[in-house]
file entry-v2.csv (CSV, C-alpha atoms)
chain,number,residue,atom,x,y,z
O,1,MET,CA,-6.2,-13.3,3.3
O,2,ILE,CA,-2.8,-11.6,3.5
O,3,THR,CA,0.3,-13.9,3.4
O,4,TRP,CA,3.7,-12.3,3.9
O,5,GLU,CA,6.3,-14.0,1.8
O,6,ALA,CA,9.9,-14.4,2.8
O,7,PRO,CA,11.1,-11.0,1.3
O,8,ILE,CA,8.4,-9.2,3.3
O,9,TRP,CA,9.0,-10.7,6.7
O,10,LEU,CA,12.8,-10.5,6.2
O,11,TYR,CA,12.3,-6.8,5.3
O,12,LEU,CA,10.2,-6.2,8.4
O,13,TRP,CA,12.9,-7.6,10.6
O,14,LEU,CA,15.7,-5.7,8.8
O,15,ALA,CA,13.8,-2.4,8.9
O,16,GLY,CA,13.1,-2.9,12.6
O,17,MET,CA,16.8,-3.6,13.2
O,18,ALA,CA,17.9,-0.6,11.1
O,19,GLY,CA,15.5,1.9,12.5
O,20,GLY,CA,16.2,0.5,16.0
O,21,ALA,CA,19.9,0.8,15.7
O,22,CYS,CA,19.8,4.4,14.4
O,23,PHE,CA,17.0,5.6,16.7
O,24,ALA,CA,18.3,4.0,19.8
O,25,THR,CA,21.9,5.2,19.4
O,26,VAL,CA,20.8,8.7,18.6
O,27,LEU,CA,18.5,8.7,21.7
O,28,VAL,CA,21.3,7.4,23.9
O,29,ASN,CA,23.6,10.2,22.6
O,30,ALA,CA,20.9,12.8,23.1
O,31,PHE,CA,19.9,11.9,26.6
O,32,SER,CA,23.5,11.6,27.7
O,33,ARG,CA,24.2,15.0,26.3
O,34,GLY,CA,26.6,13.8,23.6
O,35,ALA,CA,28.6,11.4,25.6
O,36,TYR,CA,28.1,8.5,23.1
O,37,ARG,CA,28.9,10.0,19.8
O,38,PRO,CA,30.9,7.0,18.5
O,39,LEU,CA,27.9,4.8,19.3
O,40,VAL,CA,25.8,6.8,16.9
O,41,ARG,CA,28.3,6.2,14.1
O,42,LEU,CA,28.2,2.5,15.0
O,43,GLY,CA,24.4,2.6,14.9
O,44,ILE,CA,24.3,4.2,11.5
O,45,TYR,CA,27.0,1.9,10.1
O,46,VAL,CA,24.9,-1.0,11.2
O,47,GLY,CA,21.5,0.4,10.4
O,48,VAL,CA,21.9,1.9,6.9
O,49,PRO,CA,23.3,-1.2,5.2
O,50,LEU,CA,20.5,-3.2,6.7
O,51,ALA,CA,17.9,-0.7,5.4
O,52,VAL,CA,19.5,-0.9,2.0
O,53,ILE,CA,19.2,-4.7,2.0
O,54,GLY,CA,15.6,-4.3,3.1
O,55,VAL,CA,14.8,-1.9,0.3
O,56,LEU,CA,16.3,-4.3,-2.3
O,57,LEU,CA,14.2,-7.1,-0.9
O,58,LEU,CA,11.1,-4.9,-1.3
O,59,VAL,CA,12.0,-4.1,-4.8
O,60,THR,CA,12.4,-7.8,-5.7
O,61,ASP,CA,8.9,-8.4,-4.3
O,62,LEU,CA,7.3,-6.1,-6.8
O,63,GLY,CA,5.4,-7.6,-9.7
O,64,ILE,CA,7.7,-5.7,-12.1
O,65,PRO,CA,10.9,-4.9,-10.0
O,66,LEU,CA,12.4,-2.7,-12.7
O,67,ARG,CA,9.5,-0.3,-12.5
O,68,PHE,CA,10.4,0.6,-8.9
O,69,TRP,CA,11.2,4.2,-10.0
O,70,HIS,CA,7.5,4.7,-10.7
O,71,LEU,CA,7.1,5.0,-6.9
O,72,MET,CA,9.6,7.9,-6.8
O,73,LEU,CA,7.4,10.1,-9.1
O,74,ILE,CA,4.6,10.3,-6.7
O,75,PHE,CA,4.1,11.6,-3.1
O,76,LYS,CA,0.8,10.4,-1.8
O,77,PRO,CA,0.0,10.8,1.9
O,78,LEU,CA,-3.1,8.5,1.5
O,79,SER,CA,-0.9,5.6,0.6
O,80,ALA,CA,1.1,4.0,3.4
O,81,MET,CA,3.3,2.4,0.7
O,82,SER,CA,4.1,5.8,-0.9
O,83,MET,CA,5.0,7.3,2.4
O,84,GLY,CA,7.1,4.2,3.2
O,85,THR,CA,8.9,4.7,-0.1
O,86,TRP,CA,9.8,8.3,0.8
O,87,ILE,CA,10.7,7.5,4.5
O,88,LEU,CA,13.1,4.8,3.3
O,89,PHE,CA,14.5,7.0,0.6
O,90,PHE,CA,15.3,9.9,3.0
O,91,PHE,CA,16.5,7.5,5.7
O,92,VAL,CA,19.0,5.8,3.3
O,93,ALA,CA,20.0,9.0,1.6
O,94,ALA,CA,20.7,10.8,4.9
O,95,GLY,CA,22.6,7.8,6.2
O,96,ILE,CA,24.7,7.5,3.1
O,97,ILE,CA,25.5,11.2,3.1
O,98,ALA,CA,26.5,11.0,6.8
O,99,ILE,CA,28.8,8.0,6.1
O,100,ILE,CA,30.4,9.7,3.0
O,101,GLN,CA,31.0,12.8,5.1
O,102,TRP,CA,32.8,10.8,7.9
O,103,TRP,CA,35.0,9.2,5.3
O,104,GLY,CA,35.8,12.7,4.0
O,105,GLN,CA,36.6,13.9,7.5
O,106,SER,CA,38.9,10.9,8.2
O,107,ILE,CA,40.9,11.6,5.1
O,108,VAL,CA,41.2,15.3,6.0
O,109,THR,CA,42.3,14.6,9.5
O,110,TYR,CA,45.2,12.4,8.4
O,111,PRO,CA,46.5,13.9,5.1
O,112,THR,CA,49.0,11.3,3.8
O,113,ALA,CA,49.6,12.4,0.2
O,114,SER,CA,49.5,15.7,-1.7
O,115,CYS,CA,47.0,15.7,-4.5
O,116,GLY,CA,48.7,17.9,-7.1
O,117,ALA,CA,48.6,21.7,-6.7
O,118,SER,CA,47.3,23.1,-3.5
O,119,TRP,CA,44.7,25.3,-5.4
O,120,ALA,CA,43.2,22.3,-7.3
O,121,PRO,CA,39.9,21.0,-5.9
O,122,HIS,CA,40.4,17.9,-3.9
O,123,PRO,CA,37.9,15.2,-4.9
O,124,VAL,CA,37.2,13.9,-1.5
O,125,THR,CA,37.7,16.9,0.8
O,126,ASP,CA,35.8,19.4,-1.2
O,127,GLY,CA,33.1,16.8,-1.9
O,128,ALA,CA,32.7,16.3,1.8
O,129,ALA,CA,32.7,20.0,2.5
O,130,PHE,CA,29.9,20.3,-0.1
O,131,LEU,CA,27.9,17.3,1.3
O,132,ARG,CA,28.0,18.4,4.9
O,133,PRO,CA,25.5,21.4,4.6
O,134,ALA,CA,23.5,19.2,2.1
O,135,SER,CA,23.2,16.5,4.8
O,136,TRP,CA,22.0,19.0,7.3
O,137,GLY,CA,19.3,20.0,4.9
O,138,VAL,CA,18.3,16.4,4.2
O,139,SER,CA,18.4,15.0,7.7
O,140,SER,CA,16.8,18.0,9.5
O,141,GLY,CA,18.2,17.3,12.9
O,142,PHE,CA,18.2,13.5,13.0
O,143,PHE,CA,21.8,13.1,11.8
O,144,TYR,CA,22.8,16.6,12.9
O,145,GLU,CA,23.5,15.1,16.3
O,146,THR,CA,25.9,12.7,14.7
O,147,SER,CA,27.8,15.0,12.3
O,148,GLY,CA,30.0,16.4,15.1
O,149,LYS,CA,30.5,19.9,16.4
O,150,GLU,CA,34.1,20.3,15.2
O,151,ARG,CA,35.1,23.1,13.0
O,152,PRO,CA,34.1,22.8,9.4
O,153,ILE,CA,36.7,20.6,7.6
O,154,HIS,CA,37.6,23.2,5.0
O,155,LEU,CA,38.8,25.4,7.9
O,156,SER,CA,40.7,22.8,9.8
L,1,MET,CA,-24.5,10.6,-17.2
L,2,ALA,CA,-23.1,8.1,-14.9
L,3,LYS,CA,-23.6,4.5,-15.9
L,4,ALA,CA,-24.3,1.5,-13.6
L,5,ALA,CA,-25.0,-2.2,-13.8
L,6,LEU,CA,-27.7,-3.9,-11.7
L,7,ILE,CA,-27.4,-7.6,-10.7
L,8,ASP,CA,-30.6,-9.2,-9.5
L,9,ILE,CA,-29.6,-12.1,-7.4
L,10,SER,CA,-33.2,-13.4,-7.3
L,11,LYS,CA,-33.1,-13.8,-11.1
L,12,CYS,CA,-29.6,-15.3,-11.5
L,13,MET,CA,-29.7,-19.0,-12.5
L,14,GLY,CA,-26.0,-19.7,-12.2
L,15,CYS,CA,-25.3,-20.5,-15.8
L,16,ARG,CA,-22.0,-18.6,-15.7
L,17,GLY,CA,-22.4,-17.3,-19.2
L,18,CYS,CA,-21.1,-14.0,-17.9
L,19,GLN,CA,-17.8,-15.7,-17.0
L,20,VAL,CA,-17.4,-17.1,-20.5
L,21,ALA,CA,-18.4,-13.8,-22.2
L,22,CYS,CA,-15.9,-11.9,-20.0
L,23,LYS,CA,-13.0,-14.3,-20.8
L,24,GLN,CA,-13.8,-14.1,-24.5
L,25,TRP,CA,-14.3,-10.4,-24.9
L,26,ASN,CA,-11.3,-9.5,-22.8
L,27,GLY,CA,-9.0,-12.2,-24.1
L,28,ARG,CA,-8.4,-13.7,-20.7
L,29,GLN,CA,-6.5,-17.0,-20.4
L,30,ALA,CA,-8.3,-20.1,-19.2
L,31,VAL,CA,-7.2,-21.3,-15.7
L,32,THR,CA,-6.1,-24.8,-15.0
L,33,THR,CA,-8.6,-26.2,-12.6
L,34,LYS,CA,-9.9,-29.4,-11.1
L,35,ASN,CA,-13.1,-30.8,-9.6
L,36,THR,CA,-13.3,-29.7,-6.0
L,37,GLY,CA,-16.7,-31.1,-5.3
L,38,GLY,CA,-18.7,-27.9,-6.0
L,39,TYR,CA,-20.0,-26.2,-9.1
L,40,GLU,CA,-17.9,-23.1,-8.7
L,41,ASN,CA,-15.2,-22.8,-11.4
L,42,PRO,CA,-12.5,-21.5,-11.9
L,43,PRO,CA,-11.3,-21.8,-8.3
L,44,ALA,CA,-11.1,-18.1,-7.5
L,45,LEU,CA,-11.2,-14.6,-9.0
L,46,SER,CA,-7.7,-13.9,-10.3
L,47,ALA,CA,-5.8,-11.6,-12.6
L,48,SER,CA,-7.1,-13.7,-15.6
L,49,THR,CA,-10.6,-14.3,-14.2
L,50,TRP,CA,-12.3,-11.0,-13.8
L,51,THR,CA,-15.7,-12.3,-13.0
L,52,ARG,CA,-16.9,-15.5,-11.4
L,53,VAL,CA,-20.3,-16.7,-10.2
L,54,GLU,CA,-20.2,-17.8,-6.5
L,55,PHE,CA,-22.6,-20.3,-5.1
L,56,TYR,CA,-24.1,-19.6,-1.6
L,57,GLU,CA,-26.3,-21.8,0.6
L,58,GLY,CA,-26.6,-19.6,3.6
L,59,TYR,CA,-29.8,-18.0,2.4
L,60,GLY,CA,-32.8,-20.3,2.5
L,61,GLN,CA,-32.3,-21.3,-1.1
L,62,TRP,CA,-29.3,-22.0,-3.3
L,63,SER,CA,-28.2,-18.6,-4.6
L,64,PHE,CA,-25.7,-17.3,-7.0
L,65,ARG,CA,-23.7,-14.0,-7.0
L,66,LYS,CA,-21.6,-12.7,-9.8
L,67,HIS,CA,-18.4,-11.4,-8.3
L,68,GLN,CA,-16.4,-8.7,-10.0
L,69,CYS,CA,-14.9,-5.2,-9.3
L,70,MET,CA,-17.6,-3.0,-7.9
L,71,HIS,CA,-16.2,0.2,-9.3
L,72,CYS,CA,-16.6,2.1,-6.1
L,73,THR,CA,-16.9,5.9,-6.0
L,74,GLU,CA,-14.5,6.0,-3.0
L,75,ALA,CA,-12.2,3.3,-4.3
L,76,SER,CA,-9.7,1.9,-1.8
L,77,CYS,CA,-7.4,0.6,-4.5
L,78,GLU,CA,-7.2,4.1,-6.0
L,79,ALA,CA,-6.6,5.7,-2.6
L,80,VAL,CA,-3.7,3.4,-1.7
L,81,CYS,CA,-2.0,3.0,-5.1
L,82,PRO,CA,1.6,4.3,-4.6
L,83,SER,CA,2.4,4.6,-8.3
L,84,GLY,CA,-0.8,6.5,-9.3
L,85,ALA,CA,-1.7,3.7,-11.7
L,86,ILE,CA,-5.4,3.4,-10.6
L,87,SER,CA,-7.8,6.2,-11.5
L,88,HIS,CA,-11.4,6.9,-12.2
L,89,SER,CA,-12.6,7.5,-15.7
L,90,GLY,CA,-16.2,8.6,-15.1
L,91,GLU,CA,-17.6,5.9,-12.8
L,92,VAL,CA,-15.1,3.2,-14.1
L,93,VAL,CA,-12.0,2.4,-12.0
L,94,LEU,CA,-9.1,1.6,-14.3
L,95,ILE,CA,-5.6,0.2,-13.7
L,96,ASP,CA,-3.0,1.7,-16.0
L,97,GLN,CA,-1.0,-1.4,-17.0
L,98,GLN,CA,2.0,0.8,-18.0
L,99,LYS,CA,2.2,2.5,-14.6
L,100,CYS,CA,1.4,-0.4,-12.3
L,101,VAL,CA,4.5,-1.7,-10.5
L,102,GLY,CA,2.8,-4.8,-9.1
L,103,CYS,CA,3.2,-4.0,-5.5
L,104,GLY,CA,0.0,-5.7,-4.6
L,105,TYR,CA,-1.3,-3.0,-2.2
L,106,CYS,CA,-4.6,-2.7,-4.0
L,107,VAL,CA,-5.1,-6.4,-3.8
L,108,VAL,CA,-4.9,-6.2,0.0
L,109,ALA,CA,-6.9,-2.9,0.3
L,110,CYS,CA,-9.9,-3.9,-1.8
L,111,PRO,CA,-12.9,-4.6,0.5
L,112,PHE,CA,-14.5,-6.8,-2.2
L,113,ASP,CA,-11.4,-8.9,-3.1
L,114,ALA,CA,-11.8,-7.9,-6.7
L,115,VAL,CA,-8.2,-7.0,-7.7
L,116,HIS,CA,-5.5,-9.7,-8.2
L,117,ARG,CA,-1.9,-9.9,-9.2
L,118,ASP,CA,-1.3,-13.7,-9.7
L,119,ASP,CA,-0.3,-13.4,-13.4
L,120,PRO,CA,3.1,-13.8,-15.1
L,121,ARG,CA,2.7,-10.2,-16.2
L,122,GLY,CA,3.2,-9.1,-12.6
L,123,THR,CA,0.7,-6.2,-12.7
L,124,ALA,CA,-2.6,-5.9,-10.8
L,125,GLN,CA,-5.6,-6.6,-13.0
L,126,LYS,CA,-9.4,-6.6,-12.6
L,127,CYS,CA,-12.7,-6.0,-14.3
L,128,TRP,CA,-12.6,-2.8,-16.3
L,129,PHE,CA,-16.3,-2.5,-16.9
L,130,CYS,CA,-15.7,-3.4,-20.5
L,131,PHE,CA,-14.4,0.1,-21.0
L,132,ASP,CA,-14.0,-0.3,-24.7
L,133,ARG,CA,-17.6,-1.5,-25.2
L,134,VAL,CA,-19.2,1.0,-22.8
L,135,SER,CA,-17.4,4.0,-24.2
L,136,ASN,CA,-18.7,3.0,-27.6
L,137,GLY,CA,-22.3,2.8,-26.4
L,138,LEU,CA,-22.5,-1.0,-26.0
L,139,THR,CA,-23.3,-2.9,-22.8
L,140,PRO,CA,-20.6,-4.9,-20.9
L,141,ALA,CA,-20.0,-8.4,-22.3
L,142,CYS,CA,-21.5,-10.1,-19.2
L,143,ALA,CA,-24.7,-8.0,-19.3
L,144,LYS,CA,-25.0,-8.6,-23.0
L,145,THR,CA,-24.9,-12.4,-22.6
L,146,CYS,CA,-26.9,-12.9,-19.5
L,147,PRO,CA,-29.9,-15.1,-20.5
L,148,PRO,CA,-32.3,-14.3,-17.7
L,149,LYS,CA,-31.4,-10.6,-17.8
L,150,ALA,CA,-30.2,-10.7,-14.2
L,151,ILE,CA,-27.5,-8.2,-15.2
L,152,LEU,CA,-28.9,-4.9,-16.5
L,153,PHE,CA,-26.9,-1.9,-17.7
L,154,GLY,CA,-27.9,1.7,-18.1
L,155,ASP,CA,-28.0,5.1,-16.5
L,156,ARG,CA,-27.3,5.0,-12.8
L,157,GLU,CA,-30.6,6.8,-11.9
L,158,GLU,CA,-32.6,4.3,-13.9
L,159,MET,CA,-30.8,1.3,-12.5
L,160,LEU,CA,-31.4,2.6,-8.9
L,161,ALA,CA,-35.1,3.1,-9.7
L,162,MET,CA,-35.3,-0.4,-11.2
L,163,GLY,CA,-33.4,-1.9,-8.2
L,164,SER,CA,-35.7,-0.2,-5.6
L,165,LYS,CA,-38.7,-1.3,-7.5
L,166,ARG,CA,-37.5,-4.9,-7.6
L,167,VAL,CA,-36.7,-4.7,-3.8
L,168,GLN,CA,-40.2,-3.4,-3.2
L,169,GLU,CA,-41.6,-6.4,-5.2
L,170,LEU,CA,-39.5,-8.8,-3.2
L,171,LEU,CA,-40.6,-7.2,0.1
L,172,ALA,CA,-44.2,-7.4,-0.9
L,173,ALA,CA,-43.7,-11.1,-1.8
L,174,GLY,CA,-42.5,-11.8,1.7
L,175,THR,CA,-38.8,-11.6,1.4
L,176,ALA,CA,-38.4,-9.6,4.6
L,177,ARG,CA,-34.8,-8.5,4.3
L,178,ALA,CA,-34.5,-7.7,0.6
L,179,ASN,CA,-32.3,-4.8,0.0
L,180,LEU,CA,-30.4,-2.8,-2.7
L,181,TYR,CA,-26.7,-3.0,-2.2
L,182,GLY,CA,-24.3,-0.4,-3.6
L,183,GLU,CA,-26.4,2.7,-3.5
L,184,ARG,CA,-24.5,4.3,-0.7
L,185,GLU,CA,-21.7,1.7,0.2
L,186,VAL,CA,-18.2,3.2,-0.2
L,187,GLY,CA,-19.6,6.3,-1.8
L,188,GLY,CA,-21.9,4.4,-4.1
L,189,THR,CA,-20.7,1.6,-6.4
L,190,ALA,CA,-21.2,1.3,-10.1
L,191,TRP,CA,-22.3,-2.3,-9.7
L,192,LEU,CA,-25.6,-2.6,-7.8
L,193,TYR,CA,-27.1,-5.8,-6.3
L,194,VAL,CA,-30.7,-6.7,-5.5
L,195,LEU,CA,-30.1,-9.0,-2.5
L,196,PRO,CA,-32.9,-11.1,-0.9
L,197,ASP,CA,-31.1,-11.1,2.4
L,198,ARG,CA,-28.1,-9.7,4.4
L,199,PRO,CA,-25.0,-9.0,2.1
L,200,SER,CA,-22.8,-11.3,4.2
L,201,LEU,CA,-24.8,-14.3,3.2
L,202,PHE,CA,-23.7,-13.7,-0.4
L,203,GLY,CA,-20.0,-13.0,0.4
L,204,LEU,CA,-20.4,-9.2,0.4
L,205,PRO,CA,-19.2,-7.1,3.4
L,206,ASP,CA,-22.1,-5.8,5.4
L,207,ARG,CA,-20.4,-2.5,5.9
L,208,PRO,CA,-17.5,-2.1,3.4
L,209,GLN,CA,-14.9,0.4,4.5
L,210,VAL,CA,-12.5,2.4,2.4
L,211,ALA,CA,-9.0,1.3,3.4
L,212,THR,CA,-7.9,4.8,4.3
L,213,THR,CA,-10.8,5.5,6.7
L,214,ASN,CA,-8.7,5.5,9.9
L,215,LEU,CA,-5.5,6.6,8.2
L,216,ILE,CA,-4.5,9.5,10.6
L,217,ALA,CA,-5.4,7.5,13.7
L,218,ASN,CA,-3.4,4.5,12.5
L,219,TRP,CA,-0.3,6.7,11.7
L,220,LEU,CA,-0.6,8.6,15.0
L,221,GLY,CA,-1.0,5.3,16.9
L,222,GLY,CA,2.1,3.8,15.3
L,223,VAL,CA,4.2,6.9,15.8
L,224,ILE,CA,3.1,7.4,19.4
L,225,THR,CA,3.6,3.8,20.3
L,226,ALA,CA,7.0,3.6,18.7
L,227,GLY,CA,8.0,6.9,20.4
L,228,VAL,CA,6.9,5.9,23.8
L,229,VAL,CA,8.4,2.4,23.6
L,230,THR,CA,11.8,3.6,22.4
L,231,VAL,CA,12.1,7.1,24.0
L,232,LEU,CA,10.8,6.3,27.5
L,233,PRO,CA,13.3,3.6,28.5
L,234,PHE,CA,16.3,5.7,27.5
L,235,TRP,CA,15.0,8.8,29.1
L,236,LEU,CA,14.3,7.0,32.4
L,237,LEU,CA,17.7,5.3,32.3
L,238,PHE,CA,19.7,8.5,31.8
L,239,ARG,CA,17.6,10.5,34.3
L,240,ARG,CA,18.3,7.8,36.9
L,241,ARG,CA,22.0,8.0,36.1
L,242,GLN,CA,22.1,11.7,36.4
L,243,GLU,CA,20.4,11.6,39.7
L,244,LEU,CA,23.0,9.1,41.0
L,245,GLU,CA,25.8,11.3,39.8
L,246,LYS,CA,24.2,14.3,41.6
L,247,GLU,CA,23.9,12.3,44.8
L,248,LYS,CA,27.5,11.3,44.5
L,249,SER,CA,28.8,14.8,44.0
L,250,ALA,CA,26.6,16.0,46.9
L,251,LYS,CA,28.1,13.4,49.2
L,252,ARG,CA,31.6,14.4,48.2
L,253,ASP,CA,30.9,18.0,49.1

call {"tool": "encode", "arguments": {"input": "entry-v2.csv", "output": "structure tokens"}}
result
Amino acid sequence: MITWEAPIWLYLWLAGMAGGACFATVLVNAFSRGAYRPLVRLGIYVGVPLAVIGVLLLVTDLGIPLRFWHLMLIFKPLSAMSMGTWILFFFVAAGIIAIIQWWGQSIVTYPTASCGASWAPHPVTDGAAFLRPASWGVSSGFFYETSGKERPIHLS
Amino acid sequence: MAKAALIDISKCMGCRGCQVACKQWNGRQAVTTKNTGGYENPPALSASTWTRVEFYEGYGQWSFRKHQCMHCTEASCEAVCPSGAISHSGEVVLIDQQKCVGCGYCVVACPFDAVHRDDPRGTAQKCWFCFDRVSNGLTPACAKTCPPKAILFGDREEMLAMGSKRVQELLAAGTARANLYGEREVGGTAWLYVLPDRPSLFGLPDRPQVATTNLIANWLGGVITAGVVTVLPFWLLFRRRQELEKEKSAKRD
């Protein structure tokens, strides 16, 4: 007899909301040919934190929560839980990278202060410029739609 | 040479010596219990109770079945374990207590309800076929202690031969549905039962299934359902909108 305790049913609800928010907004944007790009950002800002909370709930439900990293050492298609671990990992990683990148962009678009010499690497800008191709690699088209088609920030 | 244990239900007398031997040899804690009106005790198989004799009345006479991990060849728990803690060593299915994260997936996946996680330690635990004894040439503690020799231990071939012989005896004596359980179930189990009747009368699944049997169909079903339920409404909505816009622009022209 399977009984789902509070962390599990809460997680199921949160994961449904998170996946739904991201998936639905991306679909709306795709089918309207890019007319709803801000909505996608909203979807990811709503969805990714919910997914993070869900993941934390799942970790607390483990018999030994501090051993959660054992799950990150193995990729096992036979085990739905192993696949779930990796799906959640890539979902959250891609979402966080997309969010960091938007923050980077917003700082570049409105430069308010000079950060020392012009040749010195800027912690936020150059970090974002590095993360953008990385996020394309990680999210393989899912968040590509959301990352905007503007010129690369290091050229703007 | 693969080892196996054979339990002859028709010989078991329900003394539960195996339970005591198991607890003693493996240093399992006693469980707080109370009288529930039956003779079964402790209340259930758990992380600290690795074997337990269950009492059944469905078959014409009062019968007893020792319940423990079956050590399946195609083990569901091993297939689903996301931390790789469960593995086979020969015919024995072992849980690595250092690797187990205590997610409880094996507890749900086991078709025999033999793995449990209700221990302060947090990890999943179960019968380990007295691995320390067996790998040193001894018999498991429960088999060693069984007074009517209802639990036999030895080479698998030999156990299968003895089991079939006993089934033939029972059939000849008029027990029409006597059968040997575990020869082919889930790839063959290391614990075999001589049953006088259908397995379900003794709390065993008639057709045990490995938890990953319909894996691809299940994933495909989920993904396709989710895809249709989410993609279709948006696609229809925006197609309709585009049609309306086209009509509008056509009218304007």

call {"tool": "closest_residue", "arguments": {"input": "entry-v2.csv", "among": "O:Ser82, O:Thr60, O:Ser106, O:Gln101", "to": "Tyr11 (chain O)", "atoms": "all atoms listed in the file"}}
result
O:Thr60

call {"tool": "closest_residue", "arguments": {"input": "entry-v2.csv", "among": "L:Arg16, L:Lys23, L:Arg28, L:Arg117", "to": "chain O", "atoms": "only C-alpha atoms"}}
result
L:Arg117

call {"tool": "atom_distance", "arguments": {"input": "entry-v2.csv", "atom1": "CA of Asn214 (chain L)", "atom2": "CA of Met72 (chain O)"}}
result
24.9 Å

call {"tool": "residues_around", "arguments": {"input": "entry-v2.csv", "residues": "Gln97 (chain L)", "least_positions_apart": "2", "cutoff": "10 Å", "atoms": "only C-alpha atoms", "output": "PyMOL selection string"}}
result
chain L and resi 85-86+94-95+99-102+121-125

call {"tool": "closest_residue", "arguments": {"input": "entry-v2.csv", "among": "O:Ala80, O:Val55, O:Val28, O:Leu50", "to": "Phe68 (chain O)", "atoms": "only C-alpha atoms"}}
result
O:Val55

call {"tool": "closest_atom_pairs", "arguments": {"input": "entry-v2.csv", "of": "chain L", "to": "chain O", "cutoff": "8 Å", "atoms": "only C-alpha atoms", "output": "CSV"}}
result
residue,atom,partner,partner_atom,distance
L:Ala79,CA,O:Leu78,CA,6.1
L:Val80,CA,O:Ser79,CA,4.2
L:Cys81,CA,O:Ser79,CA,6.4
L:Pro82,CA,O:Ser82,CA,4.7
L:Ser83,CA,O:Leu71,CA,4.9
L:Gly84,CA,O:Ile74,CA,7.1
L:Lys99,CA,O:His70,CA,6.9
L:Val101,CA,O:Ile64,CA,5.4
L:Gly102,CA,O:Gly63,CA,3.9
L:Cys103,CA,O:Leu62,CA,4.8
L:Gly104,CA,O:Leu62,CA,7.6
L:Tyr105,CA,O:Met81,CA,7.7
L:Val108,CA,O:Ile2,CA,6.8
L:Arg117,CA,O:Gly63,CA,7.7
L:Arg121,CA,O:Gly63,CA,7.5
L:Gly122,CA,O:Gly63,CA,3.9
L:Thr123,CA,O:Gly63,CA,5.7
L:Thr212,CA,O:Leu78,CA,6.7
L:Leu215,CA,O:Leu78,CA,7.4
L:Thr230,CA,O:Ala24,CA,7.0
L:Val231,CA,O:Leu27,CA,7.0
L:Phe234,CA,O:Val28,CA,6.4
L:Trp235,CA,O:Phe31,CA,6.3
L:Phe238,CA,O:Phe31,CA,6.2

call {"tool": "closest_residue", "arguments": {"input": "entry-v2.csv", "among": "L:Val228, L:Ala161, L:Cys69, L:Ala143", "to": "His116 (chain L)", "atoms": "all atoms listed in the file"}}
result
L:Cys69

call {"tool": "atom_distance", "arguments": {"input": "entry-v2.csv", "atom1": "CA of Arg166 (chain L)", "atom2": "CA of Val194 (chain L)"}}
result
7.3 Å

call {"tool": "residues_around", "arguments": {"input": "entry-v2.csv", "residues": "Cys127 (chain L)", "least_positions_apart": "5", "cutoff": "9 Å", "atoms": "only C-alpha atoms", "output": "NGL selection string"}}
result
:L and (22 or 49-51 or 68-71 or 93-94 or 114-115)

call {"tool": "residues_around", "arguments": {"input": "entry-v2.csv", "residues": "Val210 (chain L)", "least_positions_apart": "6", "cutoff": "10 Å", "atoms": "all atoms listed in the file", "output": "PyMOL selection string"}}
result
chain L and resi 72+74-77+79-80+109-111+185-187

call {"tool": "residues_around", "arguments": {"input": "entry-v2.csv", "residues": "Pro199 (chain L)", "least_positions_apart": "5", "cutoff": "10 Å", "atoms": "only C-alpha atoms", "output": "list in words"}}
result
Ala178, Asn179, Leu180, Tyr181, Tyr193, Val194, Leu204, Pro205, Asp206 and Arg207 of chain L

call {"tool": "atom_distance", "arguments": {"input": "entry-v2.csv", "atom1": "CA of Arg177 (chain L)", "atom2": "CA of Leu201 (chain L)"}}
result
11.6 Å

call {"tool": "build_atoms", "arguments": {"input": "entry-v2.csv", "residues": "region 35-43 of chain O", "atoms": "N, CA and C atoms", "output": "mmCIF file, in the frame of the given file"}}
result
data_model
loop_
_atom_site.group_PDB
_atom_site.id
_atom_site.type_symbol
_atom_site.label_atom_id
_atom_site.label_comp_id
_atom_site.auth_asym_id
_atom_site.auth_seq_id
_atom_site.Cartn_x
_atom_site.Cartn_y
_atom_site.Cartn_z
ATOM 1 N N ALA O 35 27.516 12.159 25.113
ATOM 2 C CA ALA O 35 28.600 11.400 25.600
ATOM 3 C C ALA O 35 28.890 10.117 24.787
ATOM 4 N N TYR O 36 27.971 9.777 23.888
ATOM 5 C CA TYR O 36 28.100 8.500 23.100
ATOM 6 C C TYR O 36 28.147 8.732 21.637
ATOM 7 N N ARG O 37 28.876 9.755 21.193
ATOM 8 C CA ARG O 37 28.900 10.000 19.800
ATOM 9 C C ARG O 37 29.367 8.863 18.925
ATOM 10 N N PRO O 38 30.455 8.170 19.314
ATOM 11 C CA PRO O 38 30.900 7.000 18.500
ATOM 12 C C PRO O 38 29.854 5.952 18.362
ATOM 13 N N LEU O 39 29.012 5.813 19.386
ATOM 14 C CA LEU O 39 27.900 4.800 19.300
ATOM 15 C C LEU O 39 26.969 5.125 18.207
ATOM 16 N N VAL O 40 26.728 6.432 17.990
ATOM 17 C CA VAL O 40 25.800 6.800 16.900
ATOM 18 C C VAL O 40 26.363 6.401 15.567
ATOM 19 N N ARG O 41 27.665 6.623 15.400
ATOM 20 C CA ARG O 41 28.300 6.200 14.100
ATOM 21 C C ARG O 41 28.097 4.690 13.950
ATOM 22 N N LEU O 42 28.340 3.952 15.023
ATOM 23 C CA LEU O 42 28.200 2.500 15.000
ATOM 24 C C LEU O 42 26.732 2.170 14.554
ATOM 25 N N GLY O 43 25.773 2.856 15.203
ATOM 26 C CA GLY O 43 24.400 2.600 14.900
ATOM 27 C C GLY O 43 24.042 2.830 13.452
#
